[in-house]
$ cat protein20.csv   # CSV, C-alpha atoms
chain,number,residue,atom,x,y,z
A,362,MET,CA,9.5,-3.0,25.1
A,363,SER,CA,6.7,-0.5,25.2
A,364,LYS,CA,7.3,1.3,28.5
A,365,ILE,CA,10.2,3.1,30.0
A,366,ILE,CA,8.8,3.2,33.4
A,367,TYR,CA,5.8,1.2,34.8
A,368,LYS,CA,2.4,2.7,34.5
A,369,VAL,CA,1.9,2.8,38.2
A,370,GLN,CA,5.0,4.9,38.6
A,371,LYS,CA,4.0,7.3,35.8
A,372,ASP,CA,0.5,7.7,37.2
A,373,TYR,CA,2.0,8.5,40.6
A,374,ILE,CA,4.3,11.2,39.2
A,375,ASN,CA,1.5,12.7,37.1
A,376,SER,CA,-0.8,12.8,40.1
A,377,PHE,CA,1.3,15.7,41.4
A,378,ILE,CA,1.1,17.7,38.1
A,379,PRO,CA,-1.7,20.3,38.4
A,380,VAL,CA,-4.5,20.5,36.0
A,381,LYS,CA,-3.7,23.2,33.4
A,382,ASP,CA,-6.0,25.8,31.9
A,383,ASP,CA,-8.7,25.4,29.2
A,384,LEU,CA,-6.4,26.2,26.3
A,385,LEU,CA,-3.8,23.5,27.2
A,386,LYS,CA,-6.6,21.0,27.8
A,387,GLU,CA,-8.0,21.9,24.4
A,388,MET,CA,-4.6,21.4,22.8
A,389,GLU,CA,-4.0,18.1,24.6
A,390,ASP,CA,-7.5,16.8,23.5
A,391,TYR,CA,-6.8,18.0,19.9
A,392,ALA,CA,-3.4,16.3,19.8
A,393,GLU,CA,-4.9,13.0,21.1
A,394,GLU,CA,-7.8,13.0,18.7
A,395,ASN,CA,-5.6,13.8,15.7
A,396,LYS,CA,-2.7,11.6,16.7
A,397,ILE,CA,-0.3,14.6,16.8
A,398,PRO,CA,2.6,13.9,19.2
A,399,ILE,CA,3.1,16.5,21.9
A,400,LEU,CA,5.6,16.4,24.7
A,401,ALA,CA,4.9,14.1,27.7
A,402,LYS,CA,3.5,15.8,30.7
A,403,GLU,CA,6.6,15.1,32.8
A,404,SER,CA,8.9,16.2,30.1
A,405,VAL,CA,7.2,19.6,29.5
A,406,GLU,CA,7.1,20.1,33.3
A,407,PHE,CA,10.9,19.5,33.4
A,408,ILE,CA,11.4,22.0,30.6
A,409,GLU,CA,9.3,24.6,32.4
A,410,GLN,CA,11.5,24.1,35.4
A,411,LEU,CA,14.7,24.6,33.3
A,412,ILE,CA,13.3,27.8,31.8
A,413,LYS,CA,12.5,29.1,35.3
A,414,ILE,CA,16.1,28.2,36.5
A,415,SER,CA,18.0,29.5,33.5
A,416,ASN,CA,15.9,32.5,32.7
A,417,PRO,CA,16.8,32.6,29.0
A,418,LYS,CA,16.5,35.8,26.9
A,419,ARG,CA,16.3,34.0,23.6
A,420,VAL,CA,14.9,30.5,23.1
A,421,LEU,CA,14.9,28.5,19.8
A,422,GLU,CA,12.5,25.6,19.3
A,423,LEU,CA,12.9,23.1,16.4
A,424,GLY,CA,9.6,21.5,15.7
A,425,THR,CA,6.6,23.7,16.7
A,426,ALA,CA,3.9,21.1,15.9
A,427,ILE,CA,0.7,22.7,17.3
A,428,ALA,CA,2.7,25.1,19.6
A,429,TYR,CA,1.9,23.2,22.8
A,430,THR,CA,5.4,23.3,24.2
A,431,THR,CA,5.9,26.8,22.6
A,432,ILE,CA,3.1,28.2,24.6
A,433,ARG,CA,4.2,26.6,27.9
A,434,ILE,CA,7.8,27.9,27.4
A,435,ALA,CA,6.6,31.4,26.4
A,436,ARG,CA,4.5,31.7,29.5
A,437,ASP,CA,7.6,31.3,31.7
A,438,LEU,CA,9.7,33.8,29.8
A,439,LYS,CA,10.3,37.1,31.7
A,440,GLY,CA,10.4,40.7,30.5
A,441,LYS,CA,11.4,41.0,26.8
A,442,SER,CA,12.6,37.4,26.5
A,443,GLU,CA,11.2,35.6,23.4
A,444,ILE,CA,11.0,32.2,21.7
A,445,HIS,CA,11.6,31.6,18.0
A,446,THR,CA,10.0,28.3,16.8
A,447,ILE,CA,10.4,26.6,13.5
A,448,GLU,CA,7.8,24.4,11.8
A,449,LYS,CA,7.6,23.0,8.2
A,450,SER,CA,4.1,21.4,8.1
A,451,PRO,CA,1.5,23.7,6.7
A,452,GLU,CA,-1.2,21.9,8.6
A,453,ASN,CA,0.7,22.3,11.9
A,454,ILE,CA,1.5,25.9,11.2
A,455,ALA,CA,-2.2,26.7,10.7
A,456,LYS,CA,-3.2,25.0,13.9
A,457,ALA,CA,-0.2,26.6,15.8
A,458,LYS,CA,-1.3,30.0,14.7
A,459,TYR,CA,-4.8,29.3,15.9
A,460,PHE,CA,-3.7,28.2,19.3
A,461,LEU,CA,-1.1,31.0,19.6
A,462,SER,CA,-3.8,33.6,18.8
A,463,LYS,CA,-5.7,32.3,21.9
A,464,SER,CA,-2.7,32.2,24.2
A,465,GLY,CA,-2.2,35.9,25.0
A,466,ILE,CA,1.6,35.6,24.6
A,467,LEU,CA,2.0,36.3,20.8
A,468,LYS,CA,4.4,39.1,21.5
A,469,LYS,CA,6.9,36.6,22.9
A,470,VAL,CA,6.7,34.1,20.0
A,471,LYS,CA,8.1,34.3,16.5
A,472,LEU,CA,6.9,31.5,14.3
A,473,LEU,CA,9.4,30.7,11.4
A,474,GLU,CA,7.8,28.7,8.6
A,475,GLY,CA,9.9,26.2,6.6
A,476,GLU,CA,12.7,23.6,6.9
A,477,ALA,CA,14.8,24.2,10.0
A,478,ALA,CA,17.9,23.2,8.1
A,479,ASN,CA,17.3,26.1,5.6
A,480,ILE,CA,16.3,28.6,8.3
A,481,MET,CA,19.0,28.0,10.9
A,482,PRO,CA,22.0,29.0,8.8
A,483,GLN,CA,20.3,32.4,8.3
A,484,LEU,CA,19.9,33.1,12.0
A,485,LYS,CA,22.5,35.6,13.1
A,486,LYS,CA,22.0,36.0,16.9
A,487,LYS,CA,22.8,33.2,19.4
A,488,TYR,CA,20.4,31.6,21.8
A,489,ASP,CA,20.5,30.8,25.5
A,490,PHE,CA,18.2,27.8,25.3
A,491,ILE,CA,17.4,25.4,22.4
A,492,PHE,CA,14.7,22.7,22.3
A,493,LEU,CA,15.0,20.1,19.6
A,494,ASP,CA,12.0,17.9,18.8
A,495,ALA,CA,11.9,17.4,15.0
A,496,ASP,CA,12.0,14.5,12.6
A,497,LYS,CA,14.5,11.9,13.9
A,498,GLU,CA,16.5,11.6,10.7
A,499,ASP,CA,17.2,15.3,10.9
A,500,TYR,CA,18.5,15.3,14.5
A,501,LYS,CA,22.2,15.1,13.7
A,502,LYS,CA,22.1,17.9,11.2
A,503,LEU,CA,19.9,20.2,13.4
A,504,PHE,CA,22.1,19.4,16.4
A,505,ASP,CA,25.2,20.6,14.5
A,506,TYR,CA,23.4,23.9,13.6
A,507,SER,CA,22.2,24.2,17.2
A,508,MET,CA,25.8,24.0,18.6
A,509,VAL,CA,26.7,26.9,16.4
A,510,LEU,CA,23.7,29.0,17.5
A,511,LEU,CA,23.9,28.0,21.2
A,512,LYS,CA,25.7,30.5,23.5
A,513,ARG,CA,28.5,29.3,25.8
A,514,GLY,CA,26.8,28.2,29.0
A,515,GLY,CA,23.5,27.8,27.1
A,516,VAL,CA,21.2,24.8,27.5
A,517,ILE,CA,20.0,22.4,24.9
A,518,VAL,CA,17.2,19.9,25.4
A,519,ILE,CA,16.4,17.1,23.0
A,520,ASP,CA,13.3,14.8,23.2
A,521,ASN,CA,12.8,11.1,22.3
A,522,LEU,CA,16.3,9.9,23.0
A,523,LEU,CA,15.0,6.6,24.5
A,524,TRP,CA,12.4,6.4,21.7
A,525,HIS,CA,9.7,4.3,23.3
A,526,GLY,CA,12.4,2.3,25.0
A,527,TYR,CA,13.7,0.9,21.7
A,528,THR,CA,17.1,2.5,21.7
A,529,ALA,CA,18.0,0.2,24.7
A,530,SER,CA,16.1,-2.9,23.4
A,531,GLY,CA,17.3,-5.8,21.4
A,532,ARG,CA,13.9,-6.2,19.8
A,533,VAL,CA,12.6,-3.3,17.7
A,534,PRO,CA,9.4,-3.5,15.6
A,535,GLN,CA,9.9,-3.3,11.9
A,536,ASN,CA,8.2,0.1,11.6
A,537,TYR,CA,10.6,1.6,14.3
A,538,LYS,CA,13.9,0.1,13.0
A,539,ILE,CA,15.0,3.1,10.9
A,540,SER,CA,14.0,5.8,13.4
A,541,THR,CA,15.6,3.8,16.2
A,542,ARG,CA,18.8,3.5,14.2
A,543,HIS,CA,18.8,7.3,13.7
A,544,ILE,CA,18.4,7.9,17.4
A,545,ARG,CA,21.0,5.4,18.5
A,546,LEU,CA,23.6,7.0,16.2
A,547,PHE,CA,22.6,10.5,17.4
A,548,ASN,CA,22.9,9.5,21.0
A,549,GLN,CA,26.5,8.5,20.4
A,550,VAL,CA,27.2,12.0,18.9
A,551,PHE,CA,25.3,13.8,21.6
A,552,MET,CA,27.1,12.0,24.5
A,553,LYS,CA,30.5,12.5,22.9
A,554,GLN,CA,30.2,16.1,21.9
A,555,PRO,CA,33.4,17.7,23.2
A,556,ASN,CA,32.0,21.1,23.9
A,557,LEU,CA,28.9,20.0,25.7
A,558,HIS,CA,28.2,18.6,29.2
A,559,SER,CA,25.7,15.9,28.2
A,560,ALA,CA,23.2,13.6,29.9
A,561,ILE,CA,20.3,11.4,28.9
A,562,LEU,CA,17.6,11.4,31.5
A,563,PRO,CA,14.7,8.8,31.8
A,564,ILE,CA,12.0,11.5,31.7
A,565,GLY,CA,9.1,11.1,29.4
A,566,ASP,CA,10.4,9.5,26.2
A,567,GLY,CA,14.0,10.2,27.2
A,568,ILE,CA,15.3,13.7,27.5
A,569,GLY,CA,18.8,14.8,26.4
A,570,LEU,CA,20.1,17.6,28.5
A,571,GLY,CA,23.3,19.5,27.5
A,572,VAL,CA,25.1,22.6,28.7
A,573,LYS,CA,27.6,24.2,26.3
A,574,ARG,CA,31.1,24.4,27.6

$ encode --input "protein20.csv" --output "structure tokens"
Amino acid sequence: MSKIIYKVQKDYINSFIPVKDDLLKEMEDYAEENKIPILAKESVEFIEQLIKISNPKRVLELGTAIAYTTIRIARDLKGKSEIHTIEKSPENIAKAKYFLSKSGILKKVKLLEGEAANIMPQLKKKYDFIFLDADKEDYKKLFDYSMVLLKRGGVIVIDNLLWHGYTASGRVPQNYKISTRHIRLFNQVFMKQPNLHSAILPIGDGIGLGVKR
């Protein structure tokens, strides 16, 4: 199982997504050339819609990578709203800083360098919106911290919950077995979280959407 939806359906959906500006195109090309995973087009479009709807004042992103989603979220933040984003990879941090410097929205972004599990317990103020897209083995731990930091009525979005379709498949390639097991176990936790209205949506690689009770 390598596809969640058929290519013809995906191409049809993506045909409605407008061509973005030169910076985002540069980032997409860099990610493809260097095999750095960034959010699927339909997934980041969905997150942008959620940001517009919820109008969060404080956003937390777990897993900056090269700041592709960071920049797209920050562009939709109004007034003095801001996004805090956490990244541990020195290479990703350097490239994220480069792209952020070209984005024109630096004042809305605070890049926190280091392990999210070490940084999150030190954060004092709560967030209206949290986006989790980090190492799969860390999902459960970072989700638990996120539930502490998320305001009541706040939104949490989590990527990769269908994990290339393997979470729902009986046949999983050897190199995906461990990560698939992590995601399957996490999905059970996410969908049974008592203080969260949860759903898994077949968008991109599977989007988890939760609203804190």

$ closest_residue --input "protein20.csv" --among "A:Ser530, A:Ser450, A:Gln370, A:Ser442" --to "Glu403 (chain A)" --atoms "only C-alpha atoms"
A:Gln370

$ residues_near_point --input "protein20.csv" --point "(-2.8, 23.6, 24.2)" --cutoff "8 Å" --atoms "all atoms listed in the file" --output "ChimeraX atom specification"
/A:383-389,427-429,432,460

$ closest_residue --input "protein20.csv" --among "A:Pro398, A:Gly440, A:Gly526, A:Pro417" --to "Leu511 (chain A)" --atoms "all atoms listed in the file"
A:Pro417

$ atom_distance --input "protein20.csv" --atom1 "CA of Val516 (chain A)" --atom2 "CA of Glu476 (chain A)"
22.3 Å

$ residues_around --input "protein20.csv" --residues "Lys469 (chain A)" --least-positions-apart "2" --cutoff "8 Å" --atoms "all atoms listed in the file" --output "ChimeraX atom specification"
/A:435,438,441-444,466-467,471

$ closest_residue --input "protein20.csv" --among "A:Lys402, A:Lys456, A:His525, A:Lys512" --to "Tyr488 (chain A)" --atoms "all atoms listed in the file"
A:Lys512

$ atom_distance --input "protein20.csv" --atom1 "CA of Leu503 (chain A)" --atom2 "CA of Ala478 (chain A)"
6.4 Å

$ closest_residue --input "protein20.csv" --among "A:Arg532, A:Lys538, A:Arg419, A:Arg513" --to "His558 (chain A)" --atoms "all atoms listed in the file"
A:Arg513

$ residues_around --input "protein20.csv" --residues "Gln549 (chain A)" --least-positions-apart "5" --cutoff "12 Å" --atoms "only C-alpha atoms" --output "tab-separated table (two decimals) with C-alpha atoms, keeping the file's coordinate frame"
chain	number	residue	atom	x	y	z
A	501	LYS	CA	22.20	15.10	13.70
A	522	LEU	CA	16.30	9.90	23.00
A	528	THR	CA	17.10	2.50	21.70
A	542	ARG	CA	18.80	3.50	14.20
A	543	HIS	CA	18.80	7.30	13.70
A	544	ILE	CA	18.40	7.90	17.40
A	554	GLN	CA	30.20	16.10	21.90
A	555	PRO	CA	33.40	17.70	23.20
A	559	SER	CA	25.70	15.90	28.20
A	560	ALA	CA	23.20	13.60	29.90
A	561	ILE	CA	20.30	11.40	28.90
A	569	GLY	CA	18.80	14.80	26.40

$ residues_around --input "protein20.csv" --residues "Pro563 (chain A)" --least-positions-apart "4" --cutoff "12 Å" --atoms "only C-alpha atoms" --output "list in words"
Lys364, Ile365, Ile366, Lys371, Ala401, Glu403, Ser404, Phe407, Asp520, Asn521, Leu522, Leu523, Trp524, His525, Gly526, Ala529, Gly567, Ile568, Gly569 and Leu570 of chain A

$ write_last_selection --input "protein20.csv" --atoms "C-alpha atoms" --output "CSV table (one decimal), in the coordinates of the input"
chain,number,residue,atom,x,y,z
A,364,LYS,CA,7.3,1.3,28.5
A,365,ILE,CA,10.2,3.1,30.0
A,366,ILE,CA,8.8,3.2,33.4
A,371,LYS,CA,4.0,7.3,35.8
A,401,ALA,CA,4.9,14.1,27.7
A,403,GLU,CA,6.6,15.1,32.8
A,404,SER,CA,8.9,16.2,30.1
A,407,PHE,CA,10.9,19.5,33.4
A,520,ASP,CA,13.3,14.8,23.2
A,521,ASN,CA,12.8,11.1,22.3
A,522,LEU,CA,16.3,9.9,23.0
A,523,LEU,CA,15.0,6.6,24.5
A,524,TRP,CA,12.4,6.4,21.7
A,525,HIS,CA,9.7,4.3,23.3
A,526,GLY,CA,12.4,2.3,25.0
A,529,ALA,CA,18.0,0.2,24.7
A,567,GLY,CA,14.0,10.2,27.2
A,568,ILE,CA,15.3,13.7,27.5
A,569,GLY,CA,18.8,14.8,26.4
A,570,LEU,CA,20.1,17.6,28.5

$ residues_around --input "protein20.csv" --residues "Gly424 (chain A)" --least-positions-apart "3" --cutoff "10 Å" --atoms "only C-alpha atoms" --output "PyMOL selection string"
chain A and resi 421+427-428+430-431+446-450+453+476-477+492-496

$ axis_aligned_box --input "protein20.csv" --around "region 527-541 of chain A" --padding-each-side "4 Å" --output "JSON"
{"center_x": 13.1, "center_y": -0.2, "center_z": 17.8, "size_x": 17.8, "size_y": 20.0, "size_z": 21.8}

$ atom_distance --input "protein20.csv" --atom1 "CA of Val550 (chain A)" --atom2 "CA of Phe504 (chain A)"
9.3 Å

$ residues_around --input "protein20.csv" --residues "Ser415 (chain A)" --least-positions-apart "6" --cutoff "10 Å" --atoms "all atoms listed in the file" --output "PyMOL selection string"
chain A and resi 489-490+514-516

$ closest_residue --input "protein20.csv" --among "A:Lys487, A:Arg436, A:Lys458, A:Lys573" --to "Leu557 (chain A)" --atoms "only C-alpha atoms"
A:Lys573

$ closest_residue --input "protein20.csv" --among "A:Ile378, A:Tyr537, A:Phe551, A:Leu473" --to "Lys502 (chain A)" --atoms "all atoms listed in the file"
A:Phe551

$ build_atoms --input "protein20.csv" --residues "region 547-561 of chain A" --atoms "N, CA and C atoms" --output "mmCIF file, keeping the file's coordinate frame"
data_model
loop_
_atom_site.group_PDB
_atom_site.id
_atom_site.type_symbol
_atom_site.label_atom_id
_atom_site.label_comp_id
_atom_site.auth_asym_id
_atom_site.auth_seq_id
_atom_site.Cartn_x
_atom_site.Cartn_y
_atom_site.Cartn_z
ATOM 1 N N PHE A 547 22.545 9.096 16.819
ATOM 2 C CA PHE A 547 22.600 10.500 17.400
ATOM 3 C C PHE A 547 23.018 10.468 18.814
ATOM 4 N N ASN A 548 22.546 9.520 19.601
ATOM 5 C CA ASN A 548 22.900 9.500 21.000
ATOM 6 C C ASN A 548 24.430 9.378 21.203
ATOM 7 N N GLN A 549 25.079 8.640 20.323
ATOM 8 C CA GLN A 549 26.500 8.500 20.400
ATOM 9 C C GLN A 549 27.186 9.903 20.153
ATOM 10 N N VAL A 550 26.664 10.626 19.169
ATOM 11 C CA VAL A 550 27.200 12.000 18.900
ATOM 12 C C VAL A 550 26.930 12.912 20.040
ATOM 13 N N PHE A 551 25.707 12.888 20.547
ATOM 14 C CA PHE A 551 25.300 13.800 21.600
ATOM 15 C C PHE A 551 26.150 13.583 22.880
ATOM 16 N N MET A 552 26.350 12.335 23.253
ATOM 17 C CA MET A 552 27.100 12.000 24.500
ATOM 18 C C MET A 552 28.568 12.247 24.373
ATOM 19 N N LYS A 553 29.085 12.286 23.142
ATOM 20 C CA LYS A 553 30.500 12.500 22.900
ATOM 21 C C LYS A 553 30.886 13.844 22.418
ATOM 22 N N GLN A 554 29.908 14.748 22.362
ATOM 23 C CA GLN A 554 30.200 16.100 21.900
ATOM 24 C C GLN A 554 31.168 16.790 22.799
ATOM 25 N N PRO A 555 32.351 17.169 22.303
ATOM 26 C CA PRO A 555 33.400 17.700 23.200
ATOM 27 C C PRO A 555 33.124 18.991 23.869
ATOM 28 N N ASN A 556 32.302 19.832 23.256
ATOM 29 C CA ASN A 556 32.000 21.100 23.900
ATOM 30 C C ASN A 556 30.674 21.200 24.535
ATOM 31 N N LEU A 557 30.219 20.035 25.046
ATOM 32 C CA LEU A 557 28.900 20.000 25.700
ATOM 33 C C LEU A 557 28.974 19.026 26.895
ATOM 34 N N HIS A 558 28.448 19.475 28.021
ATOM 35 C CA HIS A 558 28.200 18.600 29.200
ATOM 36 C C HIS A 558 26.864 17.902 28.895
ATOM 37 N N SER A 559 26.872 16.597 28.652
ATOM 38 C CA SER A 559 25.700 15.900 28.200
ATOM 39 C C SER A 559 25.178 14.854 29.144
ATOM 40 N N ALA A 560 23.862 14.655 29.142
ATOM 41 C CA ALA A 560 23.200 13.600 29.900
ATOM 42 C C ALA A 560 21.958 13.165 29.231
ATOM 43 N N ILE A 561 21.613 11.885 29.335
ATOM 44 C CA ILE A 561 20.300 11.400 28.900
ATOM 45 C C ILE A 561 19.545 10.988 30.128
#
